[in-house]
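Participant: Input structure: entry05.tsv, which contains TSV, C-alpha atoms.
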```tsv
chain	number	residue	atom	x	y	z
O	392	VAL	CA	86.77	40.69	47.71
O	393	SER	CA	89.78	38.51	47.22
O	394	GLU	CA	89.48	35.87	44.51
O	395	ASP	CA	91.00	33.05	46.60
O	396	GLY	CA	89.11	33.82	49.81
O	397	ASN	CA	85.59	33.67	48.37
O	398	ASP	CA	84.71	30.19	49.64
O	399	ARG	CA	86.17	30.95	53.03
O	400	ASN	CA	84.30	34.26	53.15
O	401	ASP	CA	81.04	32.51	52.24
O	402	GLU	CA	81.63	30.08	55.11
O	403	ILE	CA	82.35	32.97	57.44
O	404	TRP	CA	79.16	34.71	56.40
O	405	ALA	CA	77.16	31.51	56.86
O	406	LEU	CA	78.60	30.94	60.34
O	407	ALA	CA	77.93	34.54	61.36
O	408	SER	CA	74.34	34.45	60.13
O	409	ALA	CA	73.86	31.15	61.98
O	410	GLY	CA	74.71	33.05	65.15
O	411	MET	CA	78.36	32.23	65.78
O	412	SER	CA	80.14	35.18	67.39
O	413	HIS	CA	82.65	37.17	65.38
O	414	SER	CA	85.46	36.51	67.85
O	415	ALA	CA	84.84	32.76	67.66
O	416	ILE	CA	84.94	32.90	63.86
O	417	ALA	CA	88.10	35.00	64.01
O	418	ALA	CA	89.75	32.40	66.22
O	419	LYS	CA	88.61	29.58	63.92
O	420	TYR	CA	90.10	31.15	60.78
O	421	GLY	CA	93.05	32.90	62.38
O	422	ILE	CA	92.03	36.42	61.34
O	423	SER	CA	91.12	39.51	63.34
O	424	ARG	CA	87.64	40.12	64.68
O	425	ALA	CA	87.51	43.37	62.75
O	426	ARG	CA	88.25	41.53	59.51
O	427	VAL	CA	85.36	39.13	60.21
O	428	GLY	CA	83.05	42.11	60.65
O	429	GLN	CA	84.26	43.54	57.37
O	430	ILE	CA	83.63	40.30	55.50
O	431	VAL	CA	80.16	39.87	57.00
O	432	ASN	CA	79.22	43.49	56.27
O	433	ALA	CA	80.28	43.18	52.65
O	434	ARG	CA	77.81	40.28	52.29
O	435	THR	CA	74.94	41.71	54.30
O	436	PRO	CA	72.39	43.93	52.55
O	437	ALA	CA	72.11	47.33	54.18
O	438	VAL	CA	68.73	48.73	55.20
O	439	PHE	CA	68.12	49.89	51.65
O	440	GLY	CA	68.87	46.49	50.19
O	441	PHE	CA	72.28	46.77	48.52
O	442	THR	CA	75.54	45.13	49.50
O	443	GLU	CA	78.91	46.61	48.58
O	444	ALA	CA	79.19	43.93	45.89
O	445	HIS	CA	75.81	44.94	44.43
O	446	ARG	CA	76.85	48.55	44.39
O	447	ALA	CA	80.12	47.76	42.68
O	448	ALA	CA	78.22	45.79	40.01
O	449	VAL	CA	75.77	48.66	39.48
O	450	ARG	CA	78.65	51.14	39.26
O	451	TYR	CA	80.33	48.99	36.63
O	452	GLN	CA	77.15	48.56	34.54
O	453	GLU	CA	76.30	52.23	34.74
O	454	SER	CA	79.77	53.36	33.76
O	455	GLU	CA	79.70	51.04	30.71
O	456	THR	CA	76.31	52.47	29.70
O	457	LEU	CA	77.57	56.02	30.12
O	458	LYS	CA	80.62	55.25	27.96
O	459	ARG	CA	78.35	53.91	25.19
O	460	LEU	CA	76.08	56.94	25.38
O	461	ALA	CA	79.06	59.27	25.35
O	462	LYS	CA	80.33	57.68	22.13
O	463	ALA	CA	76.89	58.07	20.51
O	464	ALA	CA	76.67	61.71	21.53
O	465	GLU	CA	80.19	62.39	20.26
O	466	ALA	CA	79.31	60.81	16.90
O	467	VAL	CA	76.36	63.19	16.55
O	468	VAL	CA	78.57	66.17	17.47
O	469	ALA	CA	81.12	65.09	14.83
O	470	SER	CA	78.57	64.60	12.06
O	471	PRO	CA	75.17	66.11	12.82
O	472	PRO	CA	72.21	65.25	10.57
O	473	PRO	CA	71.22	67.57	7.70
O	474	ARG	CA	68.48	70.08	8.22
O	475	SER	CA	65.15	69.17	6.65
O	476	SER	CA	62.63	71.59	5.22
O	477	ALA	CA	58.99	71.60	6.33
O	478	ILE	CA	58.12	69.08	3.62
O	479	GLY	CA	61.03	66.79	4.56
O	480	LYS	CA	63.53	67.74	1.89
O	481	VAL	CA	67.20	68.16	2.73
O	482	VAL	CA	68.12	71.85	2.74
O	483	CYS	CA	71.15	73.10	0.77
O	484	TRP	CA	72.88	76.46	0.94
O	485	PRO	CA	71.45	78.77	-1.78
O	486	ASP	CA	73.31	80.02	-4.86
O	487	GLY	CA	75.54	83.01	-4.16
O	488	HIS	CA	76.40	81.74	-0.63
O	489	GLU	CA	80.04	80.89	-0.07
O	490	ARG	CA	79.04	77.27	0.58
O	491	ALA	CA	76.46	77.13	-2.20
O	492	GLY	CA	75.27	73.59	-2.95
O	493	GLU	CA	76.50	72.12	0.36
O	494	ILE	CA	73.98	70.46	2.67
O	495	VAL	CA	72.90	72.59	5.63
O	496	VAL	CA	73.71	70.89	8.92
O	497	ASP	CA	71.17	70.93	11.76
O	498	GLU	CA	73.09	72.93	14.37
O	499	SER	CA	70.34	72.63	17.00
O	500	VAL	CA	70.85	68.86	17.01
O	501	ARG	CA	74.60	69.37	17.41
O	502	VAL	CA	74.03	71.72	20.35
O	503	ALA	CA	71.63	69.23	21.94
O	504	ALA	CA	74.23	66.46	21.53
O	505	ILE	CA	76.90	68.64	23.13
O	506	ARG	CA	74.58	69.25	26.08
O	507	GLU	CA	73.90	65.51	26.40
O	508	ARG	CA	77.64	64.81	26.33
O	509	ARG	CA	78.13	67.30	29.13
O	510	LEU	CA	75.36	65.66	31.19
O	511	ILE	CA	76.95	62.24	30.66
O	512	SER	CA	80.23	63.57	32.00
O	513	GLU	CA	78.41	64.96	35.00
O	514	SER	CA	76.69	61.63	35.68
O	515	TYR	CA	80.00	59.83	35.40
O	516	ARG	CA	81.69	62.18	37.83
O	517	ARG	CA	78.82	61.75	40.26
O	518	LEU	CA	78.95	57.97	39.89
O	519	THR	CA	82.65	57.84	40.62
O	520	GLY	CA	82.59	60.55	43.27
O	521	THR	CA	85.23	62.67	41.55
O	522	ASP	CA	83.08	65.78	42.07
O	523	LEU	CA	83.46	65.57	45.83
O	524	ALA	CA	85.51	68.38	47.28
O	525	ASN	CA	87.91	66.18	49.18
O	526	THR	CA	87.77	62.43	48.88
O	527	ASP	CA	89.70	61.69	52.04
O	528	ARG	CA	88.81	63.91	54.95
O	529	THR	CA	90.34	61.64	57.56
O	530	MET	CA	92.94	63.35	59.73
O	531	SER	CA	96.33	61.80	60.24
O	532	ARG	CA	96.46	59.57	63.31
O	533	ASP	CA	99.08	61.66	65.12
O	534	GLU	CA	97.17	64.88	64.60
O	535	ALA	CA	93.89	63.27	65.67
O	536	GLU	CA	95.44	61.75	68.79
O	537	LYS	CA	96.90	65.09	69.79
O	538	ALA	CA	93.49	66.73	69.35
O	539	MET	CA	91.85	63.87	71.27
O	540	LEU	CA	94.22	64.19	74.26
O	541	ALA	CA	93.66	67.95	74.33
O	542	ALA	CA	89.90	67.43	74.26
O	543	ILE	CA	90.14	64.91	77.11
O	544	ALA	CA	92.22	67.36	79.18
O	545	ASP	CA	89.59	70.06	78.57
O	546	GLU	CA	86.88	67.66	79.62
O	547	ARG	CA	88.74	66.78	82.86
O	548	ALA	CA	89.13	70.49	83.68
O	549	ARG	CA	85.45	71.02	83.01
O	550	ARG	CA	84.48	68.12	85.25
O	551	ASP	CA	86.79	69.35	88.05
O	552	LYS	CA	85.35	72.86	87.86
O	553	GLN	CA	81.79	71.54	88.05
O	554	LEU	CA	82.72	69.38	91.05
O	555	ALA	CA	84.41	72.33	92.82
O	556	ASP	CA	81.35	74.50	92.22
O	557	LEU	CA	79.09	71.80	93.65
O	558	GLN	CA	81.29	71.32	96.69
O	559	ALA	CA	81.33	75.08	97.31
O	560	LEU	CA	77.52	75.02	97.22
O	561	HIS	CA	77.50	72.06	99.56
O	562	ALA	CA	79.71	73.94	102.03
O	563	LEU	CA	77.00	76.59	102.47
O	564	PRO	CA	74.94	76.27	105.68
O	565	ALA	CA	71.46	74.75	105.48
O	566	PRO	CA	68.84	75.39	104.19
O	567	TYR	CA	70.61	76.41	101.03
O	568	ILE	CA	71.43	72.90	99.96
O	569	HIS	CA	70.66	69.43	101.27
O	570	ALA	CA	71.85	67.30	98.39
O	571	LYS	CA	74.92	65.20	98.93
O	572	VAL	CA	77.66	65.70	96.34
O	573	VAL	CA	78.18	62.56	94.38
O	574	PRO	CA	81.19	62.87	92.16
U	425	VAL	CA	78.17	66.46	86.90
U	426	THR	CA	77.26	65.86	83.29
U	427	PRO	CA	79.39	65.25	80.22
U	428	ALA	CA	79.16	67.69	77.33
U	429	ILE	CA	78.04	64.99	74.94
U	430	ASN	CA	76.18	67.46	72.76
U	431	ASP	CA	79.34	69.22	71.64
U	432	LEU	CA	81.90	66.78	70.37
U	433	PRO	CA	85.36	68.24	69.81
U	434	GLU	CA	86.07	70.13	66.63
U	435	ASN	CA	86.79	67.92	63.59
U	436	PHE	CA	85.67	64.83	65.52
U	437	GLU	CA	84.20	63.40	62.31
U	438	ARG	CA	87.62	63.55	60.66
U	439	TRP	CA	89.41	61.52	63.32
U	440	PRO	CA	90.23	57.89	62.53
U	441	ARG	CA	87.61	55.54	63.93
U	442	SER	CA	89.88	54.07	66.60
U	443	VAL	CA	90.74	57.54	67.95
U	444	GLN	CA	87.06	58.44	68.06
U	445	LEU	CA	86.28	55.28	70.02
U	446	ARG	CA	89.12	55.94	72.44
U	447	TYR	CA	87.85	59.48	73.03
U	448	LEU	CA	84.37	58.16	73.85
U	449	GLU	CA	85.89	55.55	76.18
U	450	GLU	CA	87.91	58.24	77.98
U	451	LEU	CA	84.84	60.44	78.25
U	452	HIS	CA	82.92	57.59	79.82
U	453	ALA	CA	85.81	56.91	82.19
U	454	ILE	CA	85.82	60.56	83.31
U	455	TYR	CA	82.12	60.84	84.08
U	456	TYR	CA	81.10	57.31	85.01
U	457	PRO	CA	84.14	55.78	86.71
U	458	ASP	CA	82.01	53.75	89.14
U	459	THR	CA	79.95	52.04	86.45
U	460	ARG	CA	82.97	50.75	84.59
U	461	THR	CA	84.14	47.16	84.80
U	462	ALA	CA	87.15	45.35	83.40
U	463	ALA	CA	85.02	44.43	80.37
U	464	ASP	CA	84.84	48.09	79.38
U	465	THR	CA	88.52	48.21	78.57
U	466	PRO	CA	88.98	45.38	76.08
U	467	PRO	CA	92.46	44.28	75.07
U	468	ALA	CA	93.87	45.91	71.96
U	469	ILE	CA	92.68	44.30	68.75
U	470	GLN	CA	95.31	41.99	67.30
U	471	GLY	CA	96.04	42.06	63.59
U	472	GLU	CA	94.77	44.75	61.25
U	473	VAL	CA	92.87	47.72	62.60
U	474	ILE	CA	90.13	49.11	60.41
U	475	ASP	CA	89.59	52.83	60.52
```
Using the file provided, produce a representation of the structure as structure tokens.

Facilitator:
Amino acid sequence: VSEDGNDRNDEIWALASAGMSHSAIAAKYGISRARVGQIVNARTPAVFGFTEAHRAAVRYQESETLKRLAKAAEAVVASPPPRSSAIGKVVCWPDGHERAGEIVVDESVRVAAIRERRLISESYRRLTGTDLANTDRTMSRDEAEKAMLAAIADERARRDKQLADLQALHALPAPYIHAKVVP
Amino acid sequence: VTPAINDLPENFERWPRSVQLRYLEELHAIYYPDTRTAADTPPAIQGEVID
């Protein structure tokens, strides 16, 4: 949504919802009919109740939340809490151990935080669609037009063959066929 | 004579929207030439074309 065109786009949306045709609106504002459709669609809730603007806002909020959570999880990975004994005392490495006297870190919490961090990354990728195999599957116009013309030629050949078959049937003497061939 | 509308050409979903629409128009023109009027072939859209 352009920052300068917001008022104009609101007017366009209002006119369209009041029943003015898209081509009339396009003529009024000097833009293409397709552009009017685009503007109206961006402001019209889909069947499930979200406009593109809503979705963009949700995407933004969610990505901010995920960033915050990721920082929290990374902090836990960097400095996990100490392990507590059954009676709530902090556990230290025993005498004779190479790290004797040092506080024992709770590795299970660190592992859980690493897993959370991984899940946050996954959510973020899903939110932004970076996990999709190929983001743009649209063919180039030239290639698509070539394929389209070939498909049309095939379709013409198919139609001609069907017509020829029908006419051959029609040429048979009665009572084999009475129907008139209508191309 | 019936169109093969159940099998669209391969990779049809990857064509740009305007090419898809033109294909469907051509298909209609092949099988239903008598039902078509001048309104069925609208003038090309001026300005930007959204695919």

Participant: What does the distance from CA of Glu536 (chain O) to CA of Ser442 (chain U) come to in Å, to one decimal?

Facilitator: 9.7 Å

Participant: Report, in Å to a single decimal, how far apart CA of Trp439 (chain U) and CA of Thr529 (chain O) are.

Facilitator: 5.8 Å

Participant: Quick one: of O:Glu513, O:Glu507, O:Glu534, O:Asp401, who's nearest to chain U, counting all atoms listed in the file?

Facilitator: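 Closest residue, counting all atoms listed in the file: O:Glu534.
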
Participant: At what distance in Å, to one decimal, does CA of Glu434 (chain U) lie from CA of Arg532 (chain O)?

Facilitator: 15.2 Å

Participant: May I ask you to extract the residues of chain O within 6 Å of chain U, using only C-alpha atoms, and to give them as a list in words?

Facilitator: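 Every residue meeting the condition is included here: Ser423, Arg528, Thr529, Met530 and Ala535 of chain O.
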
Participant: What would region 446-464 of chain O look like with N, CA and C atoms in place, written as an mmCIF file, in the coordinates of the input?

Facilitator:
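Final output, result-v5.cif:
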```cif
data_model
loop_
_atom_site.group_PDB
_atom_site.id
_atom_site.type_symbol
_atom_site.label_atom_id
_atom_site.label_comp_id
_atom_site.auth_asym_id
_atom_site.auth_seq_id
_atom_site.Cartn_x
_atom_site.Cartn_y
_atom_site.Cartn_z
ATOM 1 N N ARG O 446 76.579 47.176 44.810
ATOM 2 C CA ARG O 446 76.850 48.550 44.390
ATOM 3 C C ARG O 446 77.983 48.603 43.387
ATOM 4 N N ALA O 447 79.001 47.779 43.624
ATOM 5 C CA ALA O 447 80.120 47.760 42.680
ATOM 6 C C ALA O 447 79.631 47.306 41.307
ATOM 7 N N ALA O 448 78.737 46.283 41.286
ATOM 8 C CA ALA O 448 78.220 45.790 40.010
ATOM 9 C C ALA O 448 77.424 46.875 39.310
ATOM 10 N N VAL O 449 76.578 47.594 40.077
ATOM 11 C CA VAL O 449 75.770 48.660 39.480
ATOM 12 C C VAL O 449 76.676 49.761 38.934
ATOM 13 N N ARG O 450 77.714 50.095 39.723
ATOM 14 C CA ARG O 450 78.650 51.140 39.260
ATOM 15 C C ARG O 450 79.280 50.737 37.937
ATOM 16 N N TYR O 451 79.681 49.457 37.850
ATOM 17 C CA TYR O 451 80.330 48.990 36.630
ATOM 18 C C TYR O 451 79.363 49.078 35.436
ATOM 19 N N GLN O 452 78.144 48.526 35.626
ATOM 20 C CA GLN O 452 77.150 48.560 34.540
ATOM 21 C C GLN O 452 76.878 49.980 34.091
ATOM 22 N N GLU O 453 76.654 50.857 35.076
ATOM 23 C CA GLU O 453 76.300 52.230 34.740
ATOM 24 C C GLU O 453 77.437 52.925 34.000
ATOM 25 N N SER O 454 78.668 52.665 34.421
ATOM 26 C CA SER O 454 79.770 53.360 33.760
ATOM 27 C C SER O 454 79.920 52.857 32.325
ATOM 28 N N GLU O 455 79.649 51.547 32.093
ATOM 29 C CA GLU O 455 79.700 51.040 30.710
ATOM 30 C C GLU O 455 78.621 51.705 29.863
ATOM 31 N N THR O 456 77.403 51.815 30.426
ATOM 32 C CA THR O 456 76.310 52.470 29.700
ATOM 33 C C THR O 456 76.680 53.912 29.365
ATOM 34 N N LEU O 457 77.231 54.613 30.350
ATOM 35 C CA LEU O 457 77.570 56.020 30.120
ATOM 36 C C LEU O 457 78.626 56.137 29.029
ATOM 37 N N LYS O 458 79.585 55.191 28.999
ATOM 38 C CA LYS O 458 80.620 55.250 27.960
ATOM 39 C C LYS O 458 79.983 55.084 26.580
ATOM 40 N N ARG O 459 79.040 54.119 26.468
ATOM 41 C CA ARG O 459 78.350 53.910 25.190
ATOM 42 C C ARG O 459 77.606 55.160 24.762
ATOM 43 N N LEU O 460 76.858 55.748 25.694
ATOM 44 C CA LEU O 460 76.080 56.940 25.380
ATOM 45 C C LEU O 460 76.998 58.087 24.968
ATOM 46 N N ALA O 461 78.134 58.192 25.670
ATOM 47 C CA ALA O 461 79.060 59.270 25.350
ATOM 48 C C ALA O 461 79.565 59.134 23.915
ATOM 49 N N LYS O 462 79.866 57.889 23.510
ATOM 50 C CA LYS O 462 80.330 57.680 22.130
ATOM 51 C C LYS O 462 79.251 58.083 21.134
ATOM 52 N N ALA O 463 77.998 57.711 21.421
ATOM 53 C CA ALA O 463 76.890 58.070 20.510
ATOM 54 C C ALA O 463 76.756 59.575 20.392
ATOM 55 N N ALA O 464 76.815 60.253 21.548
ATOM 56 C CA ALA O 464 76.670 61.710 21.530
ATOM 57 C C ALA O 464 77.819 62.351 20.767
#
```
